[in-house]
>>> print(open('data.cif').read())   # mmCIF, N, CA and C atoms
data_data
#
loop_
_atom_site.label_atom_id
_atom_site.label_comp_id
_atom_site.auth_asym_id
_atom_site.auth_seq_id
_atom_site.Cartn_x
_atom_site.Cartn_y
_atom_site.Cartn_z
N GLU A 1 0.85 -1.18 0.00
CA GLU A 1 0.00 0.00 0.00
C GLU A 1 0.89 1.24 0.00
N LYS A 2 0.52 2.21 -0.76
CA LYS A 2 1.33 3.42 -0.90
C LYS A 2 1.16 4.38 0.28
N ASN A 3 -0.01 4.37 0.90
CA ASN A 3 -0.29 5.30 1.99
C ASN A 3 0.13 4.66 3.32
N PRO A 4 1.13 5.21 4.01
CA PRO A 4 1.59 4.60 5.27
C PRO A 4 0.56 4.66 6.39
N LYS A 5 -0.29 5.68 6.40
CA LYS A 5 -1.33 5.77 7.45
C LYS A 5 -2.34 4.64 7.30
N THR A 6 -2.72 4.36 6.07
CA THR A 6 -3.67 3.28 5.82
C THR A 6 -3.06 1.93 6.20
N THR A 7 -1.80 1.74 5.85
CA THR A 7 -1.12 0.50 6.19
C THR A 7 -1.07 0.31 7.70
N GLU A 8 -0.73 1.36 8.42
CA GLU A 8 -0.66 1.29 9.88
C GLU A 8 -2.05 1.01 10.48
N PHE A 9 -3.08 1.66 9.95
CA PHE A 9 -4.45 1.45 10.42
C PHE A 9 -4.87 -0.01 10.25
N VAL A 10 -4.58 -0.57 9.08
CA VAL A 10 -4.95 -1.97 8.81
C VAL A 10 -4.18 -2.90 9.75
N LYS A 11 -2.89 -2.62 9.98
CA LYS A 11 -2.10 -3.46 10.88
C LYS A 11 -2.66 -3.44 12.30
N VAL A 12 -3.06 -2.27 12.78
CA VAL A 12 -3.63 -2.14 14.12
C VAL A 12 -4.94 -2.92 14.21
N LYS A 13 -5.78 -2.80 13.20
CA LYS A 13 -7.06 -3.52 13.20
C LYS A 13 -6.84 -5.03 13.20
N ILE A 14 -5.94 -5.49 12.36
CA ILE A 14 -5.67 -6.94 12.28
C ILE A 14 -5.11 -7.43 13.60
N SER A 15 -4.22 -6.65 14.21
CA SER A 15 -3.66 -7.02 15.50
C SER A 15 -4.77 -7.14 16.56
N GLY A 16 -5.71 -6.21 16.56
CA GLY A 16 -6.84 -6.26 17.49
C GLY A 16 -7.70 -7.49 17.27
N TYR A 17 -7.96 -7.82 16.02
CA TYR A 17 -8.76 -9.00 15.70
C TYR A 17 -8.07 -10.28 16.15
N MET A 18 -6.76 -10.34 15.95
CA MET A 18 -6.01 -11.53 16.35
C MET A 18 -6.01 -11.68 17.88
N ASP A 19 -5.84 -10.58 18.60
CA ASP A 19 -5.90 -10.63 20.07
C ASP A 19 -7.26 -11.13 20.55
N ARG A 20 -8.31 -10.61 19.93
CA ARG A 20 -9.66 -11.04 20.31
C ARG A 20 -9.88 -12.51 19.99
N ALA A 21 -9.36 -12.98 18.88
CA ALA A 21 -9.48 -14.40 18.52
C ALA A 21 -8.78 -15.28 19.55
N GLU A 22 -7.62 -14.83 20.03
CA GLU A 22 -6.91 -15.59 21.05
C GLU A 22 -7.69 -15.62 22.37
N GLN A 23 -8.29 -14.50 22.73
CA GLN A 23 -9.11 -14.46 23.95
C GLN A 23 -10.29 -15.41 23.83
N LEU A 24 -10.94 -15.43 22.69
CA LEU A 24 -12.07 -16.33 22.48
C LEU A 24 -11.63 -17.78 22.52
N LYS A 25 -10.47 -18.06 21.96
CA LYS A 25 -9.94 -19.42 21.96
C LYS A 25 -9.72 -19.91 23.39
N VAL A 26 -9.15 -19.05 24.23
CA VAL A 26 -8.92 -19.40 25.64
C VAL A 26 -10.25 -19.59 26.36
N ALA A 27 -11.21 -18.71 26.12
CA ALA A 27 -12.51 -18.82 26.77
C ALA A 27 -13.22 -20.11 26.38
N ILE A 28 -13.13 -20.49 25.13
CA ILE A 28 -13.77 -21.74 24.67
C ILE A 28 -13.11 -22.94 25.33
N LYS A 29 -11.78 -22.92 25.44
CA LYS A 29 -11.09 -24.03 26.11
C LYS A 29 -11.51 -24.13 27.57
N GLU A 30 -11.62 -22.99 28.27
CA GLU A 30 -12.03 -23.01 29.68
C GLU A 30 -13.45 -23.52 29.82
N GLU A 31 -14.31 -23.11 28.90
CA GLU A 31 -15.71 -23.53 28.97
C GLU A 31 -15.84 -25.02 28.75
N SER A 32 -15.10 -25.55 27.78
CA SER A 32 -15.18 -26.98 27.50
C SER A 32 -14.58 -27.80 28.63
N ALA A 33 -13.63 -27.22 29.36
CA ALA A 33 -13.02 -27.90 30.49
C ALA A 33 -13.81 -27.68 31.78
N GLY A 34 -14.91 -26.91 31.71
CA GLY A 34 -15.70 -26.65 32.90
C GLY A 34 -15.02 -25.67 33.83
N GLY A 35 -14.26 -24.78 33.28
CA GLY A 35 -13.46 -23.87 34.07
C GLY A 35 -14.19 -22.62 34.48
N LYS A 36 -13.46 -21.53 34.48
CA LYS A 36 -13.91 -20.25 34.98
C LYS A 36 -15.16 -19.74 34.27
N SER A 37 -15.23 -19.89 32.95
CA SER A 37 -16.36 -19.36 32.18
C SER A 37 -17.66 -20.03 32.62
N GLN A 38 -17.62 -21.33 32.89
CA GLN A 38 -18.82 -22.05 33.30
C GLN A 38 -19.30 -21.53 34.66
N ASN A 39 -18.36 -21.29 35.58
CA ASN A 39 -18.73 -20.79 36.89
C ASN A 39 -19.35 -19.40 36.81
N VAL A 40 -18.80 -18.56 35.97
CA VAL A 40 -19.34 -17.21 35.80
C VAL A 40 -20.75 -17.28 35.24
N MET A 41 -20.95 -18.17 34.27
CA MET A 41 -22.27 -18.31 33.66
C MET A 41 -23.29 -18.83 34.68
N GLU A 42 -22.89 -19.79 35.50
CA GLU A 42 -23.78 -20.32 36.52
C GLU A 42 -24.15 -19.24 37.53
N LYS A 43 -23.19 -18.42 37.91
CA LYS A 43 -23.44 -17.35 38.87
C LYS A 43 -24.42 -16.33 38.28
N GLN A 44 -24.23 -15.97 37.02
CA GLN A 44 -25.13 -15.03 36.38
C GLN A 44 -26.54 -15.61 36.26
N THR A 45 -26.64 -16.89 35.98
CA THR A 45 -27.95 -17.55 35.89
C THR A 45 -28.65 -17.54 37.24
N GLU A 46 -27.92 -17.82 38.30
CA GLU A 46 -28.50 -17.79 39.64
C GLU A 46 -28.98 -16.39 40.01
N GLU A 47 -28.20 -15.38 39.67
CA GLU A 47 -28.60 -14.00 39.96
C GLU A 47 -29.87 -13.63 39.21
N LEU A 48 -29.96 -14.03 37.96
CA LEU A 48 -31.14 -13.75 37.16
C LEU A 48 -32.37 -14.46 37.73
N GLN A 49 -32.20 -15.71 38.13
CA GLN A 49 -33.31 -16.46 38.71
C GLN A 49 -33.80 -15.81 40.00
N SER A 50 -32.87 -15.36 40.84
CA SER A 50 -33.29 -14.75 42.11
C SER A 50 -34.02 -13.43 41.85
N LYS A 51 -33.58 -12.66 40.86
CA LYS A 51 -34.27 -11.41 40.53
C LYS A 51 -35.66 -11.69 40.00
N MET A 52 -35.80 -12.73 39.18
CA MET A 52 -37.11 -13.08 38.65
C MET A 52 -38.04 -13.56 39.75
N GLU A 53 -37.52 -14.35 40.68
CA GLU A 53 -38.33 -14.85 41.79
C GLU A 53 -38.83 -13.71 42.67
N MET A 54 -38.01 -12.67 42.82
CA MET A 54 -38.41 -11.52 43.63
C MET A 54 -39.54 -10.73 42.97
N SER A 55 -39.60 -10.76 41.64
CA SER A 55 -40.61 -9.97 40.94
C SER A 55 -41.94 -10.70 40.81
N ILE A 56 -41.99 -11.98 41.13
CA ILE A 56 -43.23 -12.75 41.04
C ILE A 56 -43.94 -12.72 42.38
N ILE A 57 -45.19 -12.33 42.35
CA ILE A 57 -46.02 -12.33 43.55
C ILE A 57 -46.61 -13.72 43.69
N SER A 58 -46.37 -14.38 44.81
CA SER A 58 -46.77 -15.78 44.93
C SER A 58 -48.27 -15.96 45.18
N GLU A 59 -48.91 -15.02 45.83
CA GLU A 59 -50.34 -15.18 46.06
C GLU A 59 -51.12 -14.67 44.84
N ARG A 60 -52.30 -15.20 44.69
CA ARG A 60 -53.13 -14.82 43.55
C ARG A 60 -53.86 -13.52 43.86
N PRO A 61 -53.82 -12.59 42.93
CA PRO A 61 -54.57 -11.35 43.16
C PRO A 61 -56.07 -11.62 43.06
N ASN A 62 -56.85 -10.83 43.73
CA ASN A 62 -58.31 -11.02 43.70
C ASN A 62 -58.93 -9.88 42.89
N VAL A 63 -58.54 -9.77 41.63
CA VAL A 63 -59.05 -8.74 40.73
C VAL A 63 -59.74 -9.46 39.58
N HIS A 64 -60.98 -9.08 39.32
CA HIS A 64 -61.74 -9.72 38.25
C HIS A 64 -61.96 -8.73 37.10
N TRP A 65 -62.41 -9.24 35.96
CA TRP A 65 -62.63 -8.39 34.79
C TRP A 65 -63.61 -7.26 35.10
N ASP A 66 -64.61 -7.54 35.93
CA ASP A 66 -65.60 -6.52 36.26
C ASP A 66 -64.99 -5.36 37.07
N ASP A 67 -63.88 -5.62 37.75
CA ASP A 67 -63.21 -4.58 38.53
C ASP A 67 -62.46 -3.58 37.65
N VAL A 68 -62.17 -3.98 36.42
CA VAL A 68 -61.44 -3.12 35.49
C VAL A 68 -62.45 -2.31 34.69
N ALA A 69 -62.43 -1.00 34.87
CA ALA A 69 -63.38 -0.13 34.17
C ALA A 69 -62.89 0.15 32.76
N GLY A 70 -63.77 0.00 31.79
CA GLY A 70 -63.41 0.29 30.41
C GLY A 70 -62.42 -0.72 29.85
N LEU A 71 -61.56 -0.27 28.97
CA LEU A 71 -60.50 -1.08 28.37
C LEU A 71 -61.04 -2.37 27.75
N LYS A 72 -62.20 -2.30 27.10
CA LYS A 72 -62.83 -3.49 26.54
C LYS A 72 -61.96 -4.16 25.49
N GLY A 73 -61.32 -3.36 24.65
CA GLY A 73 -60.45 -3.93 23.61
C GLY A 73 -59.27 -4.68 24.21
N ALA A 74 -58.68 -4.11 25.23
CA ALA A 74 -57.54 -4.76 25.88
C ALA A 74 -57.97 -6.05 26.58
N LYS A 75 -59.14 -6.02 27.22
CA LYS A 75 -59.65 -7.22 27.89
C LYS A 75 -59.89 -8.33 26.87
N ARG A 76 -60.52 -7.97 25.75
CA ARG A 76 -60.82 -8.96 24.70
C ARG A 76 -59.52 -9.55 24.14
N ALA A 77 -58.53 -8.69 23.91
CA ALA A 77 -57.26 -9.15 23.37
C ALA A 77 -56.55 -10.10 24.35
N LEU A 78 -56.57 -9.77 25.63
CA LEU A 78 -55.94 -10.63 26.63
C LEU A 78 -56.65 -11.98 26.73
N LYS A 79 -57.97 -11.96 26.63
CA LYS A 79 -58.71 -13.22 26.67
C LYS A 79 -58.34 -14.10 25.48
N GLU A 80 -58.26 -13.47 24.29
CA GLU A 80 -57.89 -14.22 23.08
C GLU A 80 -56.46 -14.73 23.16
N CYS A 81 -55.59 -13.94 23.71
CA CYS A 81 -54.17 -14.27 23.74
C CYS A 81 -53.82 -15.34 24.78
N VAL A 82 -54.45 -15.27 25.95
CA VAL A 82 -54.03 -16.12 27.06
C VAL A 82 -55.10 -17.15 27.46
N LEU A 83 -56.31 -16.67 27.71
CA LEU A 83 -57.33 -17.57 28.28
C LEU A 83 -57.84 -18.62 27.29
N LEU A 84 -58.16 -18.21 26.09
CA LEU A 84 -58.69 -19.18 25.13
C LEU A 84 -57.71 -20.31 24.81
N PRO A 85 -56.44 -20.02 24.51
CA PRO A 85 -55.51 -21.13 24.26
C PRO A 85 -55.30 -22.03 25.48
N ALA A 86 -55.42 -21.47 26.67
CA ALA A 86 -55.26 -22.29 27.88
C ALA A 86 -56.47 -23.19 28.11
N LYS A 87 -57.66 -22.67 27.82
CA LYS A 87 -58.88 -23.45 28.05
C LYS A 87 -59.19 -24.42 26.91
N PHE A 88 -58.83 -24.03 25.68
CA PHE A 88 -59.13 -24.86 24.52
C PHE A 88 -57.88 -25.09 23.67
N PRO A 89 -56.91 -25.84 24.18
CA PRO A 89 -55.66 -26.03 23.42
C PRO A 89 -55.87 -26.79 22.12
N GLN A 90 -56.90 -27.64 22.05
CA GLN A 90 -57.15 -28.41 20.83
C GLN A 90 -57.56 -27.51 19.67
N LYS A 91 -58.08 -26.32 19.95
CA LYS A 91 -58.48 -25.39 18.90
C LYS A 91 -57.29 -24.65 18.30
N PHE A 92 -56.16 -24.66 19.00
CA PHE A 92 -55.00 -23.89 18.57
C PHE A 92 -53.86 -24.82 18.17
N THR A 93 -54.10 -25.61 17.14
CA THR A 93 -53.08 -26.51 16.62
C THR A 93 -52.92 -26.26 15.13
N GLY A 94 -51.81 -26.69 14.59
CA GLY A 94 -51.57 -26.52 13.16
C GLY A 94 -51.34 -25.07 12.79
N ILE A 95 -52.07 -24.61 11.78
CA ILE A 95 -51.91 -23.23 11.31
C ILE A 95 -52.43 -22.24 12.32
N ARG A 96 -53.48 -22.57 13.04
CA ARG A 96 -54.09 -21.68 14.02
C ARG A 96 -53.35 -21.80 15.35
N GLN A 97 -52.24 -21.08 15.46
CA GLN A 97 -51.43 -21.12 16.68
C GLN A 97 -51.81 -19.96 17.59
N PRO A 98 -51.63 -20.14 18.90
CA PRO A 98 -51.91 -19.02 19.82
C PRO A 98 -50.90 -17.90 19.64
N TRP A 99 -51.25 -16.74 20.12
CA TRP A 99 -50.36 -15.59 20.04
C TRP A 99 -49.09 -15.88 20.83
N ARG A 100 -48.01 -15.30 20.43
CA ARG A 100 -46.75 -15.47 21.15
C ARG A 100 -46.68 -14.54 22.36
N GLY A 101 -47.40 -13.44 22.34
CA GLY A 101 -47.37 -12.50 23.45
C GLY A 101 -48.19 -11.27 23.13
N ILE A 102 -48.29 -10.41 24.10
CA ILE A 102 -49.02 -9.16 23.93
C ILE A 102 -48.28 -8.09 24.72
N LEU A 103 -48.23 -6.89 24.17
CA LEU A 103 -47.53 -5.79 24.81
C LEU A 103 -48.54 -4.78 25.34
N LEU A 104 -48.51 -4.58 26.64
CA LEU A 104 -49.34 -3.55 27.27
C LEU A 104 -48.48 -2.31 27.45
N TYR A 105 -48.86 -1.22 26.83
CA TYR A 105 -48.07 -0.01 26.93
C TYR A 105 -48.97 1.18 27.21
N GLY A 106 -48.37 2.21 27.73
CA GLY A 106 -49.10 3.44 28.03
C GLY A 106 -48.50 4.12 29.23
N PRO A 107 -48.95 5.34 29.50
CA PRO A 107 -48.41 6.07 30.65
C PRO A 107 -48.85 5.43 31.97
N PRO A 108 -48.17 5.77 33.04
CA PRO A 108 -48.55 5.22 34.35
C PRO A 108 -50.00 5.56 34.70
N GLY A 109 -50.65 4.61 35.34
CA GLY A 109 -52.01 4.85 35.81
C GLY A 109 -53.10 4.53 34.81
N THR A 110 -52.76 3.87 33.71
CA THR A 110 -53.79 3.57 32.71
C THR A 110 -54.38 2.17 32.86
N GLY A 111 -53.89 1.38 33.82
CA GLY A 111 -54.51 0.09 34.11
C GLY A 111 -53.77 -1.12 33.59
N LYS A 112 -52.53 -0.98 33.19
CA LYS A 112 -51.78 -2.12 32.65
C LYS A 112 -51.60 -3.21 33.70
N SER A 113 -51.13 -2.84 34.88
CA SER A 113 -50.92 -3.83 35.94
C SER A 113 -52.24 -4.38 36.43
N PHE A 114 -53.26 -3.56 36.46
CA PHE A 114 -54.58 -4.01 36.90
C PHE A 114 -55.13 -5.06 35.92
N LEU A 115 -54.93 -4.83 34.63
CA LEU A 115 -55.33 -5.82 33.63
C LEU A 115 -54.58 -7.13 33.82
N ALA A 116 -53.28 -7.03 34.09
CA ALA A 116 -52.47 -8.23 34.29
C ALA A 116 -52.92 -8.99 35.53
N LYS A 117 -53.29 -8.26 36.59
CA LYS A 117 -53.80 -8.92 37.79
C LYS A 117 -55.13 -9.62 37.52
N ALA A 118 -56.00 -8.96 36.78
CA ALA A 118 -57.29 -9.58 36.44
C ALA A 118 -57.06 -10.82 35.59
N LEU A 119 -56.14 -10.76 34.68
CA LEU A 119 -55.82 -11.91 33.84
C LEU A 119 -55.28 -13.06 34.68
N ALA A 120 -54.40 -12.75 35.64
CA ALA A 120 -53.86 -13.79 36.52
C ALA A 120 -54.96 -14.43 37.34
N THR A 121 -55.92 -13.64 37.81
CA THR A 121 -57.04 -14.19 38.58
C THR A 121 -57.88 -15.12 37.71
N GLU A 122 -58.21 -14.66 36.49
CA GLU A 122 -59.05 -15.46 35.60
C GLU A 122 -58.33 -16.74 35.15
N ALA A 123 -57.02 -16.67 34.99
CA ALA A 123 -56.24 -17.84 34.56
C ALA A 123 -55.85 -18.72 35.74
N GLU A 124 -56.22 -18.31 36.94
CA GLU A 124 -55.92 -19.04 38.17
C GLU A 124 -54.41 -19.27 38.28
N SER A 125 -53.64 -18.20 38.09
CA SER A 125 -52.20 -18.28 38.18
C SER A 125 -51.68 -17.13 39.04
N THR A 126 -50.37 -17.09 39.23
CA THR A 126 -49.78 -16.00 40.01
C THR A 126 -49.47 -14.84 39.11
N PHE A 127 -49.29 -13.68 39.72
CA PHE A 127 -48.99 -12.47 38.97
C PHE A 127 -47.52 -12.16 39.10
#
>>> encode(input="data.cif", output="structure tokens")
Amino acid sequence: EKNPKTTEFVKVKISGYMDRAEQLKVAIKEESAGGKSQNVMEKQTEELQSKMEMSIISERPNVHWDDVAGLKGAKRALKECVLLPAKFPQKFTGIRQPWRGILLYGPPGTGKSFLAKALATEAESTF
């Protein structure tokens, strides 16, 4: 290459890539040997599980659909998304698959958590 700055830039980039490849090679060896990487991953998994357990309320909320004022479209969508596939799984096979999820969005105080509590009550599950 005629331009020395470009040559130097390419050499630095290649050197960085090679260093990263060596780091990955070492990490893969440690993981396959059950070394440090496996322990770090187990620790992170345990931390995530404990955080998730803290966010789950173990008792069932006592909120019913009648307690939620308005939001008829959201109630209907939640029933279609969660309750119907749970009660009638034979209807949701083949091409007619249940929804993968539903996103409740909006500013605070619009009833998102209240809807989720009502859904948990109707589905006889925890919130």
>>> atom_distance(input="data.cif", atom1="atom N of Pro61 in chain A", atom2="atom C of Ala116 in chain A")
8.3 Å
>>> atom_distance(input="data.cif", atom1="atom C of Asn3 in chain A", atom2="CA of Met18 in chain A")
21.7 Å
>>> residues_around(input="data.cif", residues="Ala69 in chain A", least_positions_apart="3", cutoff="12 Å", atoms="only C-alpha atoms", output="list in words")
Val63, His64, Trp65, Asp66, Lys72, Gly73, Ala74, Lys75, Thr110, Gly111, Lys112, Phe114, Leu115 and Ala118 of chain A
>>> resolve_selection(input="data.cif", expression="the PyMOL selection byres (((chain A and resi 93-102 and name CA) around 12) and name CA)", output="list in words")
Ala74, Lys75, Arg76, Ala77, Leu78, Lys79, Glu80, Cys81, Val82, Leu83, Leu84, Pro85, Ala86, Lys87, Phe88, Pro89, Gln90, Lys91, Phe92, Leu103, Leu104, Tyr105, Lys112 and Ala116 of chain A
>>> atom_distance(input="data.cif", atom1="atom N of Leu71 in chain A", atom2="atom N of Ser125 in chain A")
21.6 Å
>>> select_by_dssp(input="data.cif", residues="chain A", states="alpha helix (DSSP H)", output="PyMOL selection string")
chain A and resi 4-32+36-55+72-78+84-87+112-122
